[in-house]
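J.: Contents are mmCIF, N, CA, C and O atoms; file name run_21.cif:
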data_final
loop_
_atom_site.label_atom_id
_atom_site.label_comp_id
_atom_site.auth_asym_id
_atom_site.auth_seq_id
_atom_site.Cartn_x
_atom_site.Cartn_y
_atom_site.Cartn_z
N MET A 1 38.57 -75.20 69.66
CA MET A 1 38.93 -74.14 70.58
C MET A 1 37.99 -72.94 70.41
O MET A 1 37.61 -72.30 71.38
N LYS A 2 37.65 -72.64 69.16
CA LYS A 2 36.77 -71.53 68.86
C LYS A 2 35.41 -71.72 69.54
O LYS A 2 34.86 -70.78 70.12
N LYS A 3 34.89 -72.94 69.49
CA LYS A 3 33.60 -73.24 70.11
C LYS A 3 33.66 -73.07 71.63
O LYS A 3 32.70 -72.62 72.25
N ILE A 4 34.78 -73.39 72.23
CA ILE A 4 34.94 -73.25 73.68
C ILE A 4 34.90 -71.77 74.08
O ILE A 4 34.21 -71.39 75.02
N ILE A 5 35.64 -70.95 73.34
CA ILE A 5 35.66 -69.52 73.62
C ILE A 5 34.26 -68.92 73.45
O ILE A 5 33.80 -68.14 74.30
N LEU A 6 33.58 -69.27 72.36
CA LEU A 6 32.23 -68.75 72.14
C LEU A 6 31.27 -69.23 73.22
O LEU A 6 30.40 -68.49 73.66
N SER A 7 31.44 -70.46 73.69
CA SER A 7 30.61 -70.98 74.78
C SER A 7 30.85 -70.21 76.07
O SER A 7 29.91 -69.94 76.83
N MET A 8 32.09 -69.84 76.33
CA MET A 8 32.41 -69.06 77.52
C MET A 8 31.76 -67.68 77.46
O MET A 8 31.23 -67.19 78.46
N ILE A 9 31.76 -67.07 76.28
CA ILE A 9 31.13 -65.77 76.13
C ILE A 9 29.62 -65.89 76.31
O ILE A 9 28.99 -65.05 76.96
N LYS A 10 29.04 -66.95 75.75
CA LYS A 10 27.59 -67.17 75.92
C LYS A 10 27.25 -67.38 77.39
O LYS A 10 26.23 -66.88 77.87
N PHE A 11 28.09 -68.11 78.12
CA PHE A 11 27.87 -68.32 79.55
C PHE A 11 27.89 -66.97 80.28
O PHE A 11 27.04 -66.69 81.10
N TYR A 12 28.87 -66.15 79.96
CA TYR A 12 28.96 -64.82 80.55
C TYR A 12 27.69 -64.01 80.27
O TYR A 12 27.13 -63.40 81.17
N ARG A 13 27.26 -64.02 79.02
CA ARG A 13 26.08 -63.23 78.65
C ARG A 13 24.81 -63.72 79.34
O ARG A 13 23.94 -62.93 79.68
N LYS A 14 24.71 -65.01 79.56
CA LYS A 14 23.48 -65.57 80.14
C LYS A 14 23.46 -65.49 81.66
O LYS A 14 22.42 -65.21 82.26
N TYR A 15 24.58 -65.75 82.33
CA TYR A 15 24.59 -65.87 83.78
C TYR A 15 25.27 -64.73 84.54
O TYR A 15 24.90 -64.45 85.67
N ILE A 16 26.26 -64.10 83.97
CA ILE A 16 27.01 -63.08 84.71
C ILE A 16 26.54 -61.67 84.33
O ILE A 16 26.31 -60.84 85.21
N SER A 17 26.37 -61.41 83.07
CA SER A 17 25.98 -60.08 82.62
C SER A 17 24.66 -59.59 83.22
O SER A 17 24.56 -58.41 83.58
N PRO A 18 23.64 -60.44 83.38
CA PRO A 18 22.39 -59.95 83.99
C PRO A 18 22.55 -59.49 85.44
O PRO A 18 21.72 -58.74 85.94
N LEU A 19 23.60 -59.91 86.12
CA LEU A 19 23.83 -59.52 87.50
C LEU A 19 24.41 -58.11 87.62
O LEU A 19 24.40 -57.53 88.69
N LYS A 20 24.92 -57.59 86.51
CA LYS A 20 25.53 -56.26 86.50
C LYS A 20 24.56 -55.25 85.92
O LYS A 20 23.68 -55.61 85.14
N LYS A 21 24.74 -54.00 86.27
CA LYS A 21 23.91 -52.97 85.66
C LYS A 21 24.41 -52.71 84.23
O LYS A 21 25.61 -52.85 83.95
N PRO A 22 23.52 -52.33 83.33
CA PRO A 22 23.94 -52.04 81.96
C PRO A 22 24.89 -50.83 81.93
O PRO A 22 24.57 -49.78 82.47
N CYS A 23 26.04 -51.01 81.33
CA CYS A 23 27.01 -49.90 81.31
C CYS A 23 27.81 -49.84 80.01
O CYS A 23 28.76 -49.07 79.94
N CYS A 24 27.44 -50.61 79.02
CA CYS A 24 28.21 -50.63 77.78
C CYS A 24 27.99 -49.33 77.00
O CYS A 24 26.87 -48.86 76.85
N ARG A 25 29.06 -48.76 76.50
CA ARG A 25 29.02 -47.50 75.76
C ARG A 25 28.85 -47.73 74.26
O ARG A 25 28.65 -46.79 73.52
N PHE A 26 28.98 -48.96 73.85
CA PHE A 26 28.95 -49.27 72.42
C PHE A 26 27.73 -50.12 72.07
O PHE A 26 27.15 -50.79 72.91
N TYR A 27 27.38 -50.09 70.80
CA TYR A 27 26.39 -51.00 70.24
C TYR A 27 27.01 -51.61 69.01
O TYR A 27 27.50 -50.85 68.16
N PRO A 28 27.07 -52.90 68.87
CA PRO A 28 26.65 -53.95 69.79
C PRO A 28 27.53 -53.98 71.04
O PRO A 28 28.63 -53.43 71.04
N THR A 29 27.04 -54.65 72.06
CA THR A 29 27.79 -54.73 73.32
C THR A 29 29.14 -55.40 73.08
O THR A 29 29.35 -56.07 72.07
N CYS A 30 30.03 -55.24 74.03
CA CYS A 30 31.37 -55.81 73.89
C CYS A 30 31.34 -57.33 73.76
O CYS A 30 32.12 -57.91 73.01
N SER A 31 30.44 -57.98 74.49
CA SER A 31 30.38 -59.44 74.41
C SER A 31 29.85 -59.88 73.04
O SER A 31 30.34 -60.86 72.46
N GLN A 32 28.88 -59.16 72.50
CA GLN A 32 28.37 -59.49 71.16
C GLN A 32 29.44 -59.21 70.11
O GLN A 32 29.62 -59.97 69.17
N TYR A 33 30.16 -58.12 70.29
CA TYR A 33 31.26 -57.78 69.39
C TYR A 33 32.30 -58.90 69.40
O TYR A 33 32.79 -59.31 68.35
N ALA A 34 32.64 -59.39 70.58
CA ALA A 34 33.63 -60.47 70.69
C ALA A 34 33.14 -61.72 69.98
O ALA A 34 33.91 -62.37 69.25
N MET A 35 31.87 -62.06 70.16
CA MET A 35 31.33 -63.25 69.47
C MET A 35 31.39 -63.07 67.96
O MET A 35 31.78 -63.99 67.24
N ASP A 36 31.00 -61.90 67.48
CA ASP A 36 31.02 -61.64 66.04
C ASP A 36 32.45 -61.67 65.48
O ASP A 36 32.70 -62.26 64.43
N ALA A 37 33.37 -61.02 66.19
CA ALA A 37 34.76 -60.94 65.72
C ALA A 37 35.41 -62.33 65.70
O ALA A 37 36.09 -62.68 64.73
N ILE A 38 35.20 -63.10 66.74
CA ILE A 38 35.81 -64.44 66.80
C ILE A 38 35.18 -65.35 65.76
O ILE A 38 35.87 -66.15 65.11
N SER A 39 33.87 -65.23 65.56
CA SER A 39 33.21 -66.05 64.54
C SER A 39 33.70 -65.71 63.14
O SER A 39 33.89 -66.59 62.30
N LYS A 40 33.92 -64.42 62.88
CA LYS A 40 34.32 -63.98 61.55
C LYS A 40 35.81 -64.15 61.27
O LYS A 40 36.20 -64.59 60.20
N TYR A 41 36.66 -63.80 62.26
CA TYR A 41 38.10 -63.75 62.02
C TYR A 41 38.91 -64.83 62.74
O TYR A 41 40.11 -64.92 62.55
N GLY A 42 38.28 -65.61 63.61
CA GLY A 42 39.01 -66.63 64.33
C GLY A 42 39.48 -66.15 65.70
O GLY A 42 39.31 -64.98 66.05
N ILE A 43 40.07 -67.07 66.43
CA ILE A 43 40.44 -66.79 67.82
C ILE A 43 41.53 -65.73 67.91
O ILE A 43 41.43 -64.81 68.72
N LEU A 44 42.55 -65.81 67.10
CA LEU A 44 43.68 -64.90 67.23
C LEU A 44 43.31 -63.46 66.86
O LEU A 44 43.39 -62.56 67.70
N LYS A 45 42.91 -63.23 65.63
CA LYS A 45 42.59 -61.86 65.20
C LYS A 45 41.32 -61.36 65.89
O LYS A 45 41.28 -60.23 66.37
N GLY A 46 40.28 -62.19 65.95
CA GLY A 46 39.03 -61.79 66.59
C GLY A 46 39.22 -61.53 68.08
O GLY A 46 38.64 -60.60 68.63
N GLY A 47 40.05 -62.33 68.72
CA GLY A 47 40.35 -62.12 70.14
C GLY A 47 41.08 -60.82 70.37
O GLY A 47 40.77 -60.08 71.31
N CYS A 48 42.04 -60.50 69.51
CA CYS A 48 42.77 -59.23 69.63
C CYS A 48 41.83 -58.05 69.40
O CYS A 48 41.90 -57.05 70.13
N MET A 49 40.95 -58.16 68.41
CA MET A 49 39.98 -57.10 68.15
C MET A 49 39.08 -56.89 69.37
O MET A 49 38.76 -55.75 69.73
N SER A 50 38.69 -57.99 70.00
CA SER A 50 37.81 -57.91 71.18
C SER A 50 38.50 -57.25 72.36
O SER A 50 37.91 -56.43 73.07
N ILE A 51 39.76 -57.59 72.57
CA ILE A 51 40.52 -56.99 73.67
C ILE A 51 40.69 -55.49 73.46
O ILE A 51 40.52 -54.69 74.39
N ILE A 52 40.99 -55.10 72.22
CA ILE A 52 41.13 -53.68 71.92
C ILE A 52 39.80 -52.96 72.17
O ILE A 52 39.77 -51.87 72.74
N ARG A 53 38.71 -53.58 71.77
CA ARG A 53 37.38 -52.98 71.98
C ARG A 53 37.10 -52.81 73.48
O ARG A 53 36.59 -51.78 73.91
N ILE A 54 37.44 -53.80 74.28
CA ILE A 54 37.20 -53.72 75.73
C ILE A 54 38.04 -52.58 76.34
O ILE A 54 37.56 -51.85 77.19
N PHE A 55 39.26 -52.40 75.88
CA PHE A 55 40.08 -51.31 76.38
C PHE A 55 39.54 -49.94 75.97
O PHE A 55 39.71 -48.95 76.67
N ARG A 56 38.87 -49.89 74.81
CA ARG A 56 38.27 -48.62 74.37
C ARG A 56 37.00 -48.29 75.14
O ARG A 56 36.55 -47.15 75.12
N CYS A 57 36.40 -49.27 75.79
CA CYS A 57 35.16 -49.06 76.55
C CYS A 57 35.52 -48.49 77.92
O CYS A 57 35.68 -49.21 78.89
N ASN A 58 35.66 -47.17 77.97
CA ASN A 58 36.05 -46.50 79.21
C ASN A 58 35.30 -45.18 79.32
O ASN A 58 34.67 -44.74 78.36
N PRO A 59 35.36 -44.53 80.45
CA PRO A 59 34.61 -43.27 80.64
C PRO A 59 35.03 -42.14 79.69
O PRO A 59 34.28 -41.20 79.49
N PHE A 60 36.19 -42.22 79.10
CA PHE A 60 36.67 -41.18 78.20
C PHE A 60 36.27 -41.40 76.75
O PHE A 60 36.56 -40.59 75.89
N SER A 61 35.63 -42.52 76.46
CA SER A 61 35.21 -42.85 75.12
C SER A 61 33.77 -42.41 74.88
O SER A 61 32.93 -42.53 75.77
N GLU A 62 33.49 -41.93 73.69
CA GLU A 62 32.13 -41.53 73.36
C GLU A 62 31.22 -42.74 73.15
O GLU A 62 30.03 -42.66 73.34
N GLY A 63 31.79 -43.84 72.69
CA GLY A 63 30.98 -45.03 72.40
C GLY A 63 30.25 -44.86 71.09
O GLY A 63 30.71 -44.19 70.19
N GLY A 64 29.08 -45.49 70.98
CA GLY A 64 28.29 -45.40 69.76
C GLY A 64 28.26 -46.71 69.01
O GLY A 64 28.60 -47.77 69.53
N TYR A 65 27.85 -46.62 67.75
CA TYR A 65 27.72 -47.81 66.91
C TYR A 65 29.11 -48.21 66.40
O TYR A 65 29.80 -47.41 65.79
N ASP A 66 29.50 -49.45 66.67
CA ASP A 66 30.83 -49.93 66.32
C ASP A 66 30.76 -51.41 65.96
O ASP A 66 31.08 -52.26 66.77
N PRO A 67 30.33 -51.73 64.73
CA PRO A 67 30.23 -53.13 64.34
C PRO A 67 31.59 -53.73 63.99
O PRO A 67 32.56 -53.00 63.78
N VAL A 68 31.65 -55.04 63.90
CA VAL A 68 32.86 -55.73 63.44
C VAL A 68 32.97 -55.46 61.95
O VAL A 68 32.03 -55.61 61.21
N LYS A 69 34.14 -55.04 61.53
CA LYS A 69 34.36 -54.70 60.11
C LYS A 69 35.14 -55.77 59.42
O LYS A 69 35.90 -56.47 59.91
#
Starting from the file, lay out its structure as structure tokens.
T.:
Amino acid sequence: MKKIILSMIKFYRKYISPLKKPCCRFYPTCSQYAMDAISKYGILKGGCMSIIRIFRCNPFSEGGYDPVK
């Protein structure tokens, strides 16, 4: 299941993300963060961390460097 989720994120990064203008407020990008979090912590915890990160990526957030801890 983990490989399927990571494959879906890779598909997004390769085919969908280039169609959008760059707008990520964080480094690494949210998709890279999701890949790192899921690889390190698994689908459940890494997925929750990724969802929280996506919700933090909004116009009211300063953004900046935010690696997976």
J.: Apply the PyMOL selection byres (((chain A and resi 27 and name CA) around 10) and name CA) to the file shown and report the selected residues as a list in words.
T.: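 On the file shown, the PyMOL selection byres (((chain A and resi 27 and name CA) around 10) and name CA) covers Cys24, Arg25, Phe26, Pro28, Thr29, Cys30, Gln32, Tyr33, Gly63, Gly64, Tyr65, Asp66 and Pro67 of chain A.
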J.: When you draw a straight line from atom N of Gly42 of chain A to atom O of Arg56 of chain A, how long is it in Å?
T.: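 Taking atom N of Gly42 of chain A and atom O of Arg56 of chain A, their separation equals 21.8 Å.
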J.: Ranking A:Val68, A:Ser39, A:Ser50, A:Pro22 by minimum distance to Leu6 of chain A and counting only C-alpha atoms, which one comes first?
T.: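 Looking only at the distances to Leu6 of chain A, the closest residue turns out to be A:Ser39.
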J.: Please determine, counting only C-alpha atoms, which residue among A:Ser31, A:Cys48, A:Lys69, A:Ala37 has the shortest atom-to-atom distance to Tyr12 of chain A.
T.: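 Of all the options, A:Ser31 lies closest to Tyr12 of chain A.
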J.: Can you tell me how far atom CA of Lys3 of chain A sits from atom CA of Asn58 of chain A, in Å to one decimal?
T.: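 Atom CA of Asn58 of chain A lies at a distance of 28.4 Å from atom CA of Lys3 of chain A.
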J.: Give me, please, the distance in Å between atom CA of Lys21 of chain A and atom CA of Ile5 of chain A, quoted to one decimal.
T.: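 So the two atoms, atom CA of Lys21 of chain A and atom CA of Ile5 of chain A, lie 23.6 Å apart.
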J.: Among chain A, which ones does DSSP place in alpha helix (DSSP H), written as a PyMOL selection string?
T.: chain A and resi 2-11+30-56
J.: Select, from A:Gly47, A:Lys20, A:Phe60, A:Ile52, the residue with the minimum atom-to-atom distance to Ala34 of chain A, counting only N, CA, C and O atoms.
T.: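 Closest candidate: A:Gly47.
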J.: From a backbone DSSP assignment, name each residue in chain A labelled strand (DSSP E or B), as a count of residues only.
T.: 4
J.: Using 5 Å of padding on each side, determine the axis-aligned box around all atoms of segment 1-19 of chain A present in the file and give its centre and edge lengths in Å to one decimal, as JSON.
T.:
{"center_x": 30.3, "center_y": -66.4, "center_z": 78.8, "size_x": 27.2, "size_y": 27.7, "size_z": 29.8}
